[in-house]
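One structure is given here, and the rest of the page talks about it.
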Amino acid sequence: MTDNSTQSRTVGGGGGVSIGGAPVSYTAILAALVAVMALVPASIVVGGMAGGWPLHDVIHPVVGLLLGPIAGPIASLIGTVIGNVIAPYTNLGPWGVLIGSMCAFTVGMVMYPGRSYWFIPWIITLVAHLVYLYQSLTFGISFPLWLSNVFTVDLGLILIAIPQIRNWAIATIREGVRSWKLYVALYVVFFFGSTAGIQLNWVPAFATNPWPAEVWPALIFIIAVERIAFSAVGALIGFGLLAAIRRSPIAKAKLAGY
């Protein structure tokens, strides 16, 4: 059942200072949340510069859903930069900011109110995917090894491109269904956002600091577990937040996707 009460408490762009239809306060709060979550390492980094993978990777899809495709990426970007300063042990390097920004942008575009803009991040991700393939083959990485590392990206691209799955997920999230269906719908959209973010990061990261072939086999399991598990945790957080927000008097951002 659709929660129509949220429509009357949507924050527009004309009342107070806003960024992309979201109050600056909303953007600041979520940016702070991203920064704080950088203090907690959620995984390991193989062949990288950091000591741990930042936990804020799980929250970027939620940021895109709550703030939309403009304020969402900005909040993720600011939060990641601050997180890199206060928690250098989870700093993923100069290109790490692309993960959260692209993730939030992707979810925001997929869930853009009243529009079907999912194909924009889809095309960006596909182009980055093909560029990454060229980089890998040129560096001497075999196609099977490359595919074993990026199959989660392929899965994300395929799932969101299937109209029945995409339209069902979007409708379920917007209708506010409070059941396992909402969790699954969030997972589908968040998984695409998560894989889009990591793929965009891989291109410049590999161009500036290519990983040797011996590192790639170790990444197969780690990458798969990260994208699957992080999306699952993010969907769980999103499920709880949506339930709480819809019961509260908090006005939603103009371009929010729920």
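FYI, nothing fancy with the structure tokens labels: chains A, B, ... in order, residues from 1 per chain, ligands from 1 as they appear.
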Hey, what's within 10 Å of stretch 27-36 of chain A if we count only C-alpha atoms and toss same-chain stuff fewer than 5 positions away? As a PyMOL selection string, please? chain A and resi 18-20+22+54-60+62-63+66-67+71-87+100+253
For the structure I just gave you, how does DSSP split stretch 21-249 of chain A - specifically, which residues are helix (DSSP H, G or I)? Reply as a compact mmCIF listing (two decimals) with N, CA and C atoms, in the first residue's frame.
# COMPACT_ATOMS: atom_id res chain seq x y z
N VAL A 24 20.28 21.43 2.99
CA VAL A 24 21.71 21.32 3.28
C VAL A 24 21.94 20.50 4.55
N SER A 25 21.02 20.62 5.50
CA SER A 25 21.16 19.88 6.76
C SER A 25 21.11 18.38 6.51
N TYR A 26 20.23 17.92 5.60
CA TYR A 26 20.16 16.51 5.27
C TYR A 26 21.48 16.03 4.68
N THR A 27 21.99 16.83 3.75
CA THR A 27 23.25 16.48 3.08
C THR A 27 24.39 16.43 4.09
N ALA A 28 24.42 17.39 5.01
CA ALA A 28 25.47 17.44 6.01
C ALA A 28 25.40 16.23 6.95
N ILE A 29 24.19 15.87 7.36
CA ILE A 29 24.02 14.74 8.29
C ILE A 29 24.49 13.44 7.65
N LEU A 30 24.09 13.21 6.43
CA LEU A 30 24.48 11.96 5.77
C LEU A 30 25.96 11.95 5.41
N ALA A 31 26.51 13.12 5.09
CA ALA A 31 27.95 13.20 4.85
C ALA A 31 28.72 12.86 6.13
N ALA A 32 28.22 13.34 7.26
CA ALA A 32 28.84 13.04 8.54
C ALA A 32 28.74 11.56 8.86
N LEU A 33 27.62 10.94 8.51
CA LEU A 33 27.45 9.51 8.74
C LEU A 33 28.45 8.70 7.93
N VAL A 34 28.64 9.10 6.68
CA VAL A 34 29.62 8.43 5.82
C VAL A 34 31.02 8.56 6.43
N ALA A 35 31.35 9.77 6.89
CA ALA A 35 32.68 10.01 7.46
C ALA A 35 32.90 9.16 8.71
N VAL A 36 31.91 9.08 9.57
CA VAL A 36 32.05 8.30 10.80
C VAL A 36 32.23 6.82 10.49
N MET A 37 31.51 6.33 9.48
CA MET A 37 31.59 4.92 9.13
C MET A 37 32.95 4.56 8.53
N LEU A 55 33.74 0.88 6.04
CA LEU A 55 32.37 0.40 6.20
C LEU A 55 31.36 1.28 5.49
N HIS A 56 31.71 2.54 5.22
CA HIS A 56 30.73 3.42 4.58
C HIS A 56 30.33 2.95 3.18
N ASP A 57 31.02 1.96 2.66
CA ASP A 57 30.64 1.41 1.36
C ASP A 57 29.20 0.88 1.38
N VAL A 58 28.73 0.46 2.55
CA VAL A 58 27.38 -0.11 2.63
C VAL A 58 26.29 0.96 2.64
N HIS A 60 26.32 4.13 0.99
CA HIS A 60 26.18 5.02 -0.16
C HIS A 60 24.89 4.82 -0.95
N PRO A 61 24.43 3.57 -1.16
CA PRO A 61 23.15 3.42 -1.87
C PRO A 61 22.00 4.07 -1.11
N VAL A 62 22.03 3.98 0.21
CA VAL A 62 20.98 4.59 1.03
C VAL A 62 21.01 6.11 0.87
N VAL A 63 22.21 6.67 0.82
CA VAL A 63 22.37 8.12 0.64
C VAL A 63 21.75 8.56 -0.68
N GLY A 64 21.98 7.80 -1.74
CA GLY A 64 21.40 8.12 -3.04
C GLY A 64 19.89 8.01 -3.03
N LEU A 65 19.37 7.03 -2.31
CA LEU A 65 17.92 6.84 -2.23
C LEU A 65 17.26 7.98 -1.47
N LEU A 66 17.86 8.41 -0.36
CA LEU A 66 17.26 9.43 0.49
C LEU A 66 17.41 10.85 -0.06
N LEU A 67 18.52 11.13 -0.74
CA LEU A 67 18.80 12.49 -1.19
C LEU A 67 18.63 12.71 -2.69
N GLY A 68 18.66 11.64 -3.49
CA GLY A 68 18.52 11.80 -4.92
C GLY A 68 19.87 11.85 -5.63
N PRO A 69 19.86 12.00 -6.96
CA PRO A 69 21.08 11.90 -7.77
C PRO A 69 22.00 13.11 -7.76
N ILE A 70 21.62 14.17 -7.06
CA ILE A 70 22.48 15.36 -6.99
C ILE A 70 23.07 15.50 -5.59
N ALA A 71 22.21 15.65 -4.61
CA ALA A 71 22.69 15.80 -3.23
C ALA A 71 23.31 14.51 -2.72
N GLY A 72 22.82 13.36 -3.19
CA GLY A 72 23.36 12.08 -2.76
C GLY A 72 24.85 11.93 -3.04
N PRO A 73 25.27 12.08 -4.31
CA PRO A 73 26.69 11.98 -4.62
C PRO A 73 27.54 13.02 -3.90
N ILE A 74 26.98 14.21 -3.72
CA ILE A 74 27.73 15.26 -3.02
C ILE A 74 27.97 14.86 -1.57
N ALA A 75 26.94 14.34 -0.91
CA ALA A 75 27.09 13.90 0.48
C ALA A 75 28.09 12.76 0.59
N SER A 76 28.03 11.81 -0.35
CA SER A 76 28.97 10.69 -0.33
C SER A 76 30.39 11.17 -0.57
N LEU A 77 30.56 12.10 -1.49
CA LEU A 77 31.88 12.65 -1.80
C LEU A 77 32.47 13.36 -0.59
N ILE A 78 31.70 14.26 0.01
CA ILE A 78 32.18 15.02 1.17
C ILE A 78 32.49 14.07 2.32
N GLY A 79 31.59 13.13 2.57
CA GLY A 79 31.79 12.19 3.67
C GLY A 79 33.02 11.33 3.48
N THR A 80 33.26 10.90 2.23
CA THR A 80 34.43 10.07 1.95
C THR A 80 35.72 10.85 2.13
N VAL A 81 35.74 12.10 1.67
CA VAL A 81 36.93 12.94 1.80
C VAL A 81 37.26 13.16 3.28
N ILE A 82 36.23 13.48 4.06
CA ILE A 82 36.45 13.68 5.50
C ILE A 82 36.90 12.37 6.14
N GLY A 83 36.28 11.27 5.73
CA GLY A 83 36.65 9.96 6.26
C GLY A 83 38.10 9.61 5.96
N ASN A 84 38.56 10.00 4.77
CA ASN A 84 39.96 9.73 4.42
C ASN A 84 40.93 10.45 5.35
N VAL A 85 40.49 11.61 5.86
CA VAL A 85 41.35 12.40 6.74
C VAL A 85 41.34 11.84 8.16
N ILE A 86 40.16 11.52 8.65
CA ILE A 86 40.07 11.08 10.05
C ILE A 86 40.39 9.59 10.22
N PRO A 88 42.76 7.43 8.02
CA PRO A 88 43.65 7.12 6.89
C PRO A 88 43.86 5.63 6.66
N TYR A 89 43.60 4.80 7.67
CA TYR A 89 43.79 3.36 7.52
C TYR A 89 42.70 2.71 6.65
N THR A 90 41.63 3.47 6.33
CA THR A 90 40.63 2.97 5.39
C THR A 90 40.56 3.83 4.13
N VAL A 97 37.00 8.03 -3.89
CA VAL A 97 35.80 8.86 -3.79
C VAL A 97 34.79 8.54 -4.88
N LEU A 98 35.26 7.94 -5.97
CA LEU A 98 34.36 7.61 -7.07
C LEU A 98 33.37 6.51 -6.69
N ILE A 99 33.76 5.64 -5.77
CA ILE A 99 32.91 4.51 -5.40
C ILE A 99 31.59 5.01 -4.82
N GLY A 100 31.68 5.80 -3.76
CA GLY A 100 30.47 6.29 -3.12
C GLY A 100 29.67 7.25 -3.98
N SER A 101 30.37 8.16 -4.66
CA SER A 101 29.67 9.14 -5.49
C SER A 101 28.90 8.48 -6.62
N MET A 102 29.53 7.54 -7.30
CA MET A 102 28.87 6.85 -8.40
C MET A 102 27.75 5.97 -7.88
N CYS A 103 27.96 5.35 -6.74
CA CYS A 103 26.93 4.48 -6.15
C CYS A 103 25.68 5.29 -5.82
N ALA A 104 25.85 6.41 -5.13
CA ALA A 104 24.71 7.25 -4.77
C ALA A 104 24.04 7.82 -6.01
N PHE A 105 24.84 8.24 -6.99
CA PHE A 105 24.29 8.77 -8.23
C PHE A 105 23.46 7.72 -8.96
N THR A 106 23.98 6.50 -9.00
CA THR A 106 23.30 5.41 -9.70
C THR A 106 21.94 5.11 -9.08
N VAL A 107 21.91 4.94 -7.76
CA VAL A 107 20.65 4.66 -7.08
C VAL A 107 19.69 5.83 -7.25
N GLY A 108 20.21 7.05 -7.14
CA GLY A 108 19.37 8.23 -7.30
C GLY A 108 18.75 8.32 -8.68
N MET A 109 19.51 7.97 -9.71
CA MET A 109 19.00 8.02 -11.08
C MET A 109 18.01 6.90 -11.36
N VAL A 110 18.28 5.72 -10.85
CA VAL A 110 17.34 4.60 -11.03
C VAL A 110 16.00 4.94 -10.39
N PHE A 119 19.14 4.30 -17.37
CA PHE A 119 20.07 3.98 -18.45
C PHE A 119 21.32 4.87 -18.45
N ILE A 120 21.25 6.03 -17.78
CA ILE A 120 22.42 6.92 -17.74
C ILE A 120 23.56 6.28 -16.95
N PRO A 121 23.35 5.89 -15.68
CA PRO A 121 24.44 5.20 -14.97
C PRO A 121 24.74 3.84 -15.58
N TRP A 122 23.75 3.21 -16.22
CA TRP A 122 23.97 1.92 -16.86
C TRP A 122 24.97 2.05 -18.00
N ILE A 123 24.82 3.08 -18.82
CA ILE A 123 25.74 3.30 -19.93
C ILE A 123 27.12 3.67 -19.42
N ILE A 124 27.17 4.53 -18.41
CA ILE A 124 28.47 4.92 -17.83
C ILE A 124 29.21 3.69 -17.32
N THR A 125 28.48 2.82 -16.62
CA THR A 125 29.08 1.61 -16.07
C THR A 125 29.53 0.66 -17.17
N LEU A 126 28.72 0.51 -18.20
CA LEU A 126 29.08 -0.38 -19.31
C LEU A 126 30.34 0.11 -20.01
N VAL A 127 30.43 1.42 -20.25
CA VAL A 127 31.62 1.98 -20.90
C VAL A 127 32.84 1.75 -20.02
N ALA A 128 32.72 2.01 -18.72
CA ALA A 128 33.83 1.79 -17.80
C ALA A 128 34.21 0.30 -17.77
N HIS A 129 33.22 -0.56 -17.87
CA HIS A 129 33.42 -2.00 -17.88
C HIS A 129 34.28 -2.42 -19.09
N LEU A 130 33.94 -1.88 -20.24
CA LEU A 130 34.67 -2.22 -21.47
C LEU A 130 36.08 -1.62 -21.46
N VAL A 131 36.21 -0.42 -20.93
CA VAL A 131 37.54 0.20 -20.81
C VAL A 131 38.41 -0.64 -19.88
N TYR A 132 37.82 -1.12 -18.81
CA TYR A 132 38.55 -1.95 -17.86
C TYR A 132 38.99 -3.27 -18.50
N LEU A 133 38.14 -3.80 -19.36
CA LEU A 133 38.51 -5.02 -20.10
C LEU A 133 39.72 -4.75 -20.99
N TYR A 134 39.69 -3.64 -21.69
CA TYR A 134 40.82 -3.28 -22.57
C TYR A 134 42.09 -3.09 -21.74
N GLN A 135 41.98 -2.38 -20.62
CA GLN A 135 43.14 -2.17 -19.75
C GLN A 135 43.73 -3.51 -19.29
N SER A 136 42.86 -4.40 -18.89
CA SER A 136 43.31 -5.69 -18.34
C SER A 136 43.99 -6.54 -19.39
N LEU A 137 43.37 -6.64 -20.56
CA LEU A 137 43.94 -7.46 -21.63
C LEU A 137 45.27 -6.89 -22.08
N THR A 138 45.35 -5.56 -22.15
CA THR A 138 46.60 -4.90 -22.55
C THR A 138 47.71 -5.16 -21.54
N PHE A 139 47.34 -5.28 -20.28
CA PHE A 139 48.31 -5.50 -19.21
C PHE A 139 48.72 -6.97 -19.10
N PHE A 143 41.26 -13.04 -20.35
CA PHE A 143 39.82 -12.73 -20.30
C PHE A 143 39.11 -13.53 -19.21
N PRO A 144 39.36 -14.85 -19.06
CA PRO A 144 38.68 -15.60 -17.99
C PRO A 144 38.98 -15.04 -16.60
N LEU A 145 40.23 -14.62 -16.37
CA LEU A 145 40.59 -14.07 -15.07
C LEU A 145 39.89 -12.74 -14.85
N TRP A 146 39.85 -11.91 -15.88
CA TRP A 146 39.15 -10.63 -15.80
C TRP A 146 37.67 -10.86 -15.50
N LEU A 147 37.06 -11.80 -16.21
CA LEU A 147 35.64 -12.07 -16.04
C LEU A 147 35.33 -12.58 -14.64
N SER A 148 36.23 -13.37 -14.09
CA SER A 148 36.00 -13.92 -12.74
C SER A 148 36.00 -12.82 -11.69
N ASN A 149 36.69 -11.72 -11.98
CA ASN A 149 36.75 -10.61 -11.04
C ASN A 149 35.60 -9.62 -11.19
N VAL A 150 35.01 -9.57 -12.37
CA VAL A 150 33.99 -8.55 -12.64
C VAL A 150 32.59 -9.13 -12.83
N PHE A 151 32.39 -10.40 -12.53
CA PHE A 151 31.08 -10.98 -12.83
C PHE A 151 29.96 -10.34 -12.01
N THR A 152 30.29 -9.78 -10.84
CA THR A 152 29.25 -9.09 -10.07
C THR A 152 28.78 -7.83 -10.81
N VAL A 153 29.70 -7.16 -11.49
CA VAL A 153 29.33 -5.99 -12.29
C VAL A 153 28.42 -6.42 -13.44
N ASP A 154 28.79 -7.52 -14.10
CA ASP A 154 27.95 -8.05 -15.17
C ASP A 154 26.56 -8.38 -14.66
N LEU A 155 26.49 -9.00 -13.49
CA LEU A 155 25.21 -9.38 -12.92
C LEU A 155 24.37 -8.15 -12.61
N GLY A 156 25.01 -7.11 -12.07
CA GLY A 156 24.30 -5.87 -11.77
C GLY A 156 23.75 -5.22 -13.03
N LEU A 157 24.56 -5.19 -14.09
CA LEU A 157 24.12 -4.62 -15.36
C LEU A 157 22.94 -5.39 -15.95
N ILE A 158 23.02 -6.71 -15.87
CA ILE A 158 21.97 -7.55 -16.45
C ILE A 158 20.66 -7.42 -15.68
N LEU A 159 20.74 -7.50 -14.35
CA LEU A 159 19.52 -7.46 -13.54
C LEU A 159 18.74 -6.16 -13.73
N ILE A 160 19.43 -5.03 -13.69
CA ILE A 160 18.73 -3.75 -13.78
C ILE A 160 18.24 -3.47 -15.19
N ALA A 161 18.80 -4.16 -16.18
CA ALA A 161 18.38 -3.95 -17.57
C ALA A 161 17.14 -4.76 -17.93
N PRO A 163 13.48 -5.30 -17.82
CA PRO A 163 12.36 -4.41 -17.46
C PRO A 163 11.48 -4.94 -16.33
N GLN A 164 11.18 -6.23 -16.36
CA GLN A 164 10.29 -6.78 -15.33
C GLN A 164 10.91 -6.65 -13.94
N ILE A 165 12.19 -6.92 -13.83
CA ILE A 165 12.87 -6.83 -12.53
C ILE A 165 13.02 -5.38 -12.11
N ARG A 166 13.50 -4.54 -13.02
CA ARG A 166 13.72 -3.13 -12.70
C ARG A 166 12.42 -2.43 -12.32
N ASN A 167 11.40 -2.57 -13.13
CA ASN A 167 10.14 -1.88 -12.86
C ASN A 167 9.49 -2.38 -11.56
N TRP A 168 9.61 -3.69 -11.30
CA TRP A 168 9.05 -4.22 -10.06
C TRP A 168 9.78 -3.65 -8.86
N ALA A 169 11.12 -3.60 -8.93
CA ALA A 169 11.91 -3.09 -7.80
C ALA A 169 11.59 -1.63 -7.54
N ILE A 170 11.53 -0.82 -8.58
CA ILE A 170 11.23 0.61 -8.42
C ILE A 170 9.84 0.81 -7.83
N ALA A 171 8.85 0.11 -8.38
CA ALA A 171 7.48 0.25 -7.89
C ALA A 171 7.35 -0.20 -6.45
N THR A 172 8.02 -1.28 -6.09
CA THR A 172 7.93 -1.80 -4.73
C THR A 172 8.51 -0.82 -3.72
N ILE A 173 9.64 -0.21 -4.07
CA ILE A 173 10.26 0.77 -3.17
C ILE A 173 9.39 2.01 -3.03
N ARG A 174 8.85 2.50 -4.14
CA ARG A 174 8.04 3.71 -4.11
C ARG A 174 6.70 3.49 -3.41
N GLU A 175 6.17 2.29 -3.50
CA GLU A 175 4.87 2.01 -2.88
C GLU A 175 4.97 1.80 -1.38
N TRP A 180 9.18 -8.61 2.91
CA TRP A 180 10.44 -9.09 2.34
C TRP A 180 10.61 -8.59 0.91
N LYS A 181 9.50 -8.27 0.25
CA LYS A 181 9.59 -7.77 -1.13
C LYS A 181 10.32 -6.44 -1.19
N LEU A 182 10.11 -5.59 -0.19
CA LEU A 182 10.81 -4.31 -0.15
C LEU A 182 12.31 -4.54 0.00
N TYR A 183 12.69 -5.48 0.85
CA TYR A 183 14.11 -5.77 1.05
C TYR A 183 14.74 -6.26 -0.25
N VAL A 184 14.07 -7.17 -0.94
CA VAL A 184 14.60 -7.70 -2.20
C VAL A 184 14.70 -6.58 -3.24
N ALA A 185 13.69 -5.72 -3.30
CA ALA A 185 13.71 -4.62 -4.26
C ALA A 185 14.88 -3.68 -3.98
N LEU A 186 15.08 -3.35 -2.70
CA LEU A 186 16.22 -2.50 -2.32
C LEU A 186 17.53 -3.17 -2.69
N TYR A 187 17.59 -4.46 -2.48
CA TYR A 187 18.83 -5.19 -2.78
C TYR A 187 19.16 -5.12 -4.27
N VAL A 188 18.16 -5.29 -5.12
CA VAL A 188 18.37 -5.24 -6.57
C VAL A 188 18.95 -3.89 -6.98
N VAL A 189 18.33 -2.82 -6.52
CA VAL A 189 18.78 -1.47 -6.89
C VAL A 189 20.13 -1.15 -6.24
N PHE A 190 20.29 -1.52 -4.98
CA PHE A 190 21.54 -1.23 -4.28
C PHE A 190 22.71 -2.03 -4.85
N PHE A 191 22.43 -3.25 -5.28
CA PHE A 191 23.49 -4.09 -5.86
C PHE A 191 24.01 -3.45 -7.15
N PHE A 192 23.11 -2.94 -7.96
CA PHE A 192 23.54 -2.25 -9.18
C PHE A 192 24.36 -1.01 -8.83
N GLY A 193 23.90 -0.25 -7.84
CA GLY A 193 24.64 0.94 -7.43
C GLY A 193 26.02 0.59 -6.90
N SER A 194 26.10 -0.46 -6.10
CA SER A 194 27.38 -0.87 -5.52
C SER A 194 28.37 -1.32 -6.58
N THR A 195 27.91 -2.11 -7.54
CA THR A 195 28.80 -2.59 -8.59
C THR A 195 29.18 -1.47 -9.57
N ALA A 196 28.26 -0.54 -9.79
CA ALA A 196 28.58 0.60 -10.65
C ALA A 196 29.66 1.45 -10.03
N GLY A 197 29.58 1.64 -8.71
CA GLY A 197 30.57 2.45 -8.02
C GLY A 197 31.96 1.83 -8.06
N ILE A 198 32.04 0.53 -7.82
CA ILE A 198 33.35 -0.12 -7.80
C ILE A 198 33.94 -0.19 -9.20
N GLN A 199 33.09 -0.35 -10.21
CA GLN A 199 33.60 -0.41 -11.58
C GLN A 199 34.19 0.91 -12.03
N LEU A 200 33.52 2.01 -11.71
CA LEU A 200 34.04 3.31 -12.10
C LEU A 200 35.37 3.59 -11.42
N ASN A 201 35.53 3.12 -10.20
CA ASN A 201 36.78 3.31 -9.47
C ASN A 201 37.92 2.50 -10.08
N TRP A 202 37.61 1.30 -10.56
CA TRP A 202 38.65 0.42 -11.08
C TRP A 202 39.40 1.01 -12.27
N VAL A 203 38.73 1.75 -13.12
CA VAL A 203 39.37 2.24 -14.35
C VAL A 203 40.55 3.17 -14.06
N PRO A 204 40.35 4.29 -13.36
CA PRO A 204 41.50 5.15 -13.08
C PRO A 204 42.49 4.52 -12.10
N ALA A 205 41.98 3.68 -11.18
CA ALA A 205 42.87 3.03 -10.22
C ALA A 205 43.84 2.09 -10.93
N PHE A 206 43.32 1.34 -11.90
CA PHE A 206 44.17 0.41 -12.64
C PHE A 206 45.12 1.16 -13.57
N ALA A 207 44.66 2.29 -14.09
CA ALA A 207 45.50 3.08 -14.99
C ALA A 207 46.70 3.66 -14.26
N THR A 208 46.52 4.02 -13.00
CA THR A 208 47.59 4.65 -12.24
C THR A 208 48.39 3.68 -11.38
N ALA A 213 49.21 -9.70 -12.11
CA ALA A 213 48.36 -10.87 -12.36
C ALA A 213 48.24 -11.79 -11.15
N GLU A 214 49.29 -11.89 -10.36
CA GLU A 214 49.24 -12.81 -9.22
C GLU A 214 48.26 -12.36 -8.13
N VAL A 215 47.88 -11.09 -8.14
CA VAL A 215 46.94 -10.58 -7.14
C VAL A 215 45.49 -10.91 -7.52
N TRP A 216 45.22 -11.01 -8.80
CA TRP A 216 43.84 -11.16 -9.29
C TRP A 216 43.12 -12.39 -8.73
N PRO A 217 43.74 -13.57 -8.68
CA PRO A 217 43.01 -14.74 -8.13
C PRO A 217 42.52 -14.52 -6.71
N ALA A 218 43.31 -13.82 -5.91
CA ALA A 218 42.92 -13.56 -4.52
C ALA A 218 41.72 -12.62 -4.45
N LEU A 219 41.55 -11.80 -5.47
CA LEU A 219 40.46 -10.82 -5.47
C LEU A 219 39.12 -11.42 -5.84
N ILE A 220 39.11 -12.58 -6.49
CA ILE A 220 37.86 -13.17 -6.98
C ILE A 220 36.84 -13.31 -5.85
N PHE A 221 37.23 -13.99 -4.79
CA PHE A 221 36.32 -14.23 -3.67
C PHE A 221 36.03 -12.94 -2.91
N ILE A 222 37.05 -12.14 -2.68
CA ILE A 222 36.89 -10.91 -1.90
C ILE A 222 35.91 -9.96 -2.56
N ILE A 223 36.07 -9.73 -3.86
CA ILE A 223 35.19 -8.81 -4.58
C ILE A 223 33.74 -9.30 -4.54
N ALA A 224 33.56 -10.59 -4.79
CA ALA A 224 32.20 -11.15 -4.81
C ALA A 224 31.53 -10.99 -3.45
N VAL A 225 32.26 -11.34 -2.39
CA VAL A 225 31.69 -11.26 -1.05
C VAL A 225 31.38 -9.80 -0.68
N GLU A 226 32.29 -8.89 -1.01
CA GLU A 226 32.07 -7.48 -0.70
C GLU A 226 30.83 -6.94 -1.36
N ARG A 227 30.70 -7.12 -2.67
CA ARG A 227 29.55 -6.54 -3.38
C ARG A 227 28.24 -7.17 -2.93
N ILE A 228 28.24 -8.49 -2.70
CA ILE A 228 27.02 -9.18 -2.28
C ILE A 228 26.65 -8.82 -0.85
N ALA A 229 27.65 -8.89 0.04
CA ALA A 229 27.38 -8.63 1.46
C ALA A 229 27.10 -7.15 1.73
N PHE A 230 27.88 -6.26 1.12
CA PHE A 230 27.67 -4.83 1.35
C PHE A 230 26.29 -4.40 0.88
N SER A 231 25.85 -4.93 -0.26
CA SER A 231 24.53 -4.60 -0.77
C SER A 231 23.45 -5.12 0.16
N ALA A 232 23.68 -6.30 0.72
CA ALA A 232 22.71 -6.90 1.65
C ALA A 232 22.57 -6.06 2.92
N VAL A 233 23.71 -5.62 3.46
CA VAL A 233 23.68 -4.79 4.66
C VAL A 233 23.04 -3.44 4.36
N GLY A 234 23.39 -2.86 3.22
CA GLY A 234 22.80 -1.58 2.83
C GLY A 234 21.29 -1.68 2.68
N ALA A 235 20.82 -2.77 2.08
CA ALA A 235 19.37 -2.97 1.91
C ALA A 235 18.69 -3.12 3.26
N LEU A 236 19.36 -3.77 4.20
CA LEU A 236 18.80 -3.92 5.55
C LEU A 236 18.68 -2.57 6.24
N ILE A 237 19.72 -1.74 6.11
CA ILE A 237 19.68 -0.40 6.68
C ILE A 237 18.58 0.42 6.02
N GLY A 238 18.52 0.34 4.68
CA GLY A 238 17.49 1.07 3.95
C GLY A 238 16.09 0.65 4.34
N PHE A 239 15.89 -0.64 4.54
CA PHE A 239 14.59 -1.17 4.94
C PHE A 239 14.15 -0.56 6.27
N GLY A 240 15.07 -0.56 7.23
CA GLY A 240 14.74 0.00 8.54
C GLY A 240 14.51 1.50 8.50
N LEU A 241 15.35 2.21 7.75
CA LEU A 241 15.21 3.67 7.67
C LEU A 241 13.91 4.08 6.99
N LEU A 242 13.54 3.40 5.92
CA LEU A 242 12.30 3.75 5.23
C LEU A 242 11.09 3.55 6.12
N ALA A 243 11.11 2.45 6.88
CA ALA A 243 10.00 2.19 7.79
C ALA A 243 9.90 3.30 8.84
N ALA A 244 11.05 3.73 9.35
CA ALA A 244 11.06 4.77 10.38
C ALA A 244 10.68 6.14 9.80
N ILE A 245 11.23 6.46 8.63
CA ILE A 245 10.97 7.77 8.03
C ILE A 245 9.51 7.93 7.65
N ARG A 246 8.91 6.87 7.14
CA ARG A 246 7.50 6.97 6.72
C ARG A 246 6.55 7.13 7.91
N ARG A 247 7.02 6.79 9.10
CA ARG A 247 6.20 6.96 10.30
C ARG A 247 6.50 8.29 11.00
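Separating atom CA of A:Asn209 from atom CA of A:Ala38 is a distance of 22.5 Å.
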Among stretch 31-207 of chain A, which ones does DSSP place in strand (DSSP E or B), written as a ChimeraX atom specification? /A:41-43,53-54
Mind dumping the selected residues with C-alpha atoms as a compact mmCIF listing (two decimals), in the first residue's frame?
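Below you can see part-v8.txt, which holds the result:
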# COMPACT_ATOMS: atom_id res chain seq x y z
CA PRO A 41 37.22 -1.27 8.41
CA ALA A 42 34.76 -3.73 6.86
CA SER A 43 37.06 -5.79 4.67
CA TRP A 53 38.01 -1.31 3.36
CA PRO A 54 35.75 1.42 4.84
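Note that atom CA of A:Gly114 and atom CA of A:Ser179 are 23.3 Å apart.
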Report the distance between atom CA of A:Ser116 and atom CA of A:Ala251 in Å, rounded to one decimal place. 23.5 Å
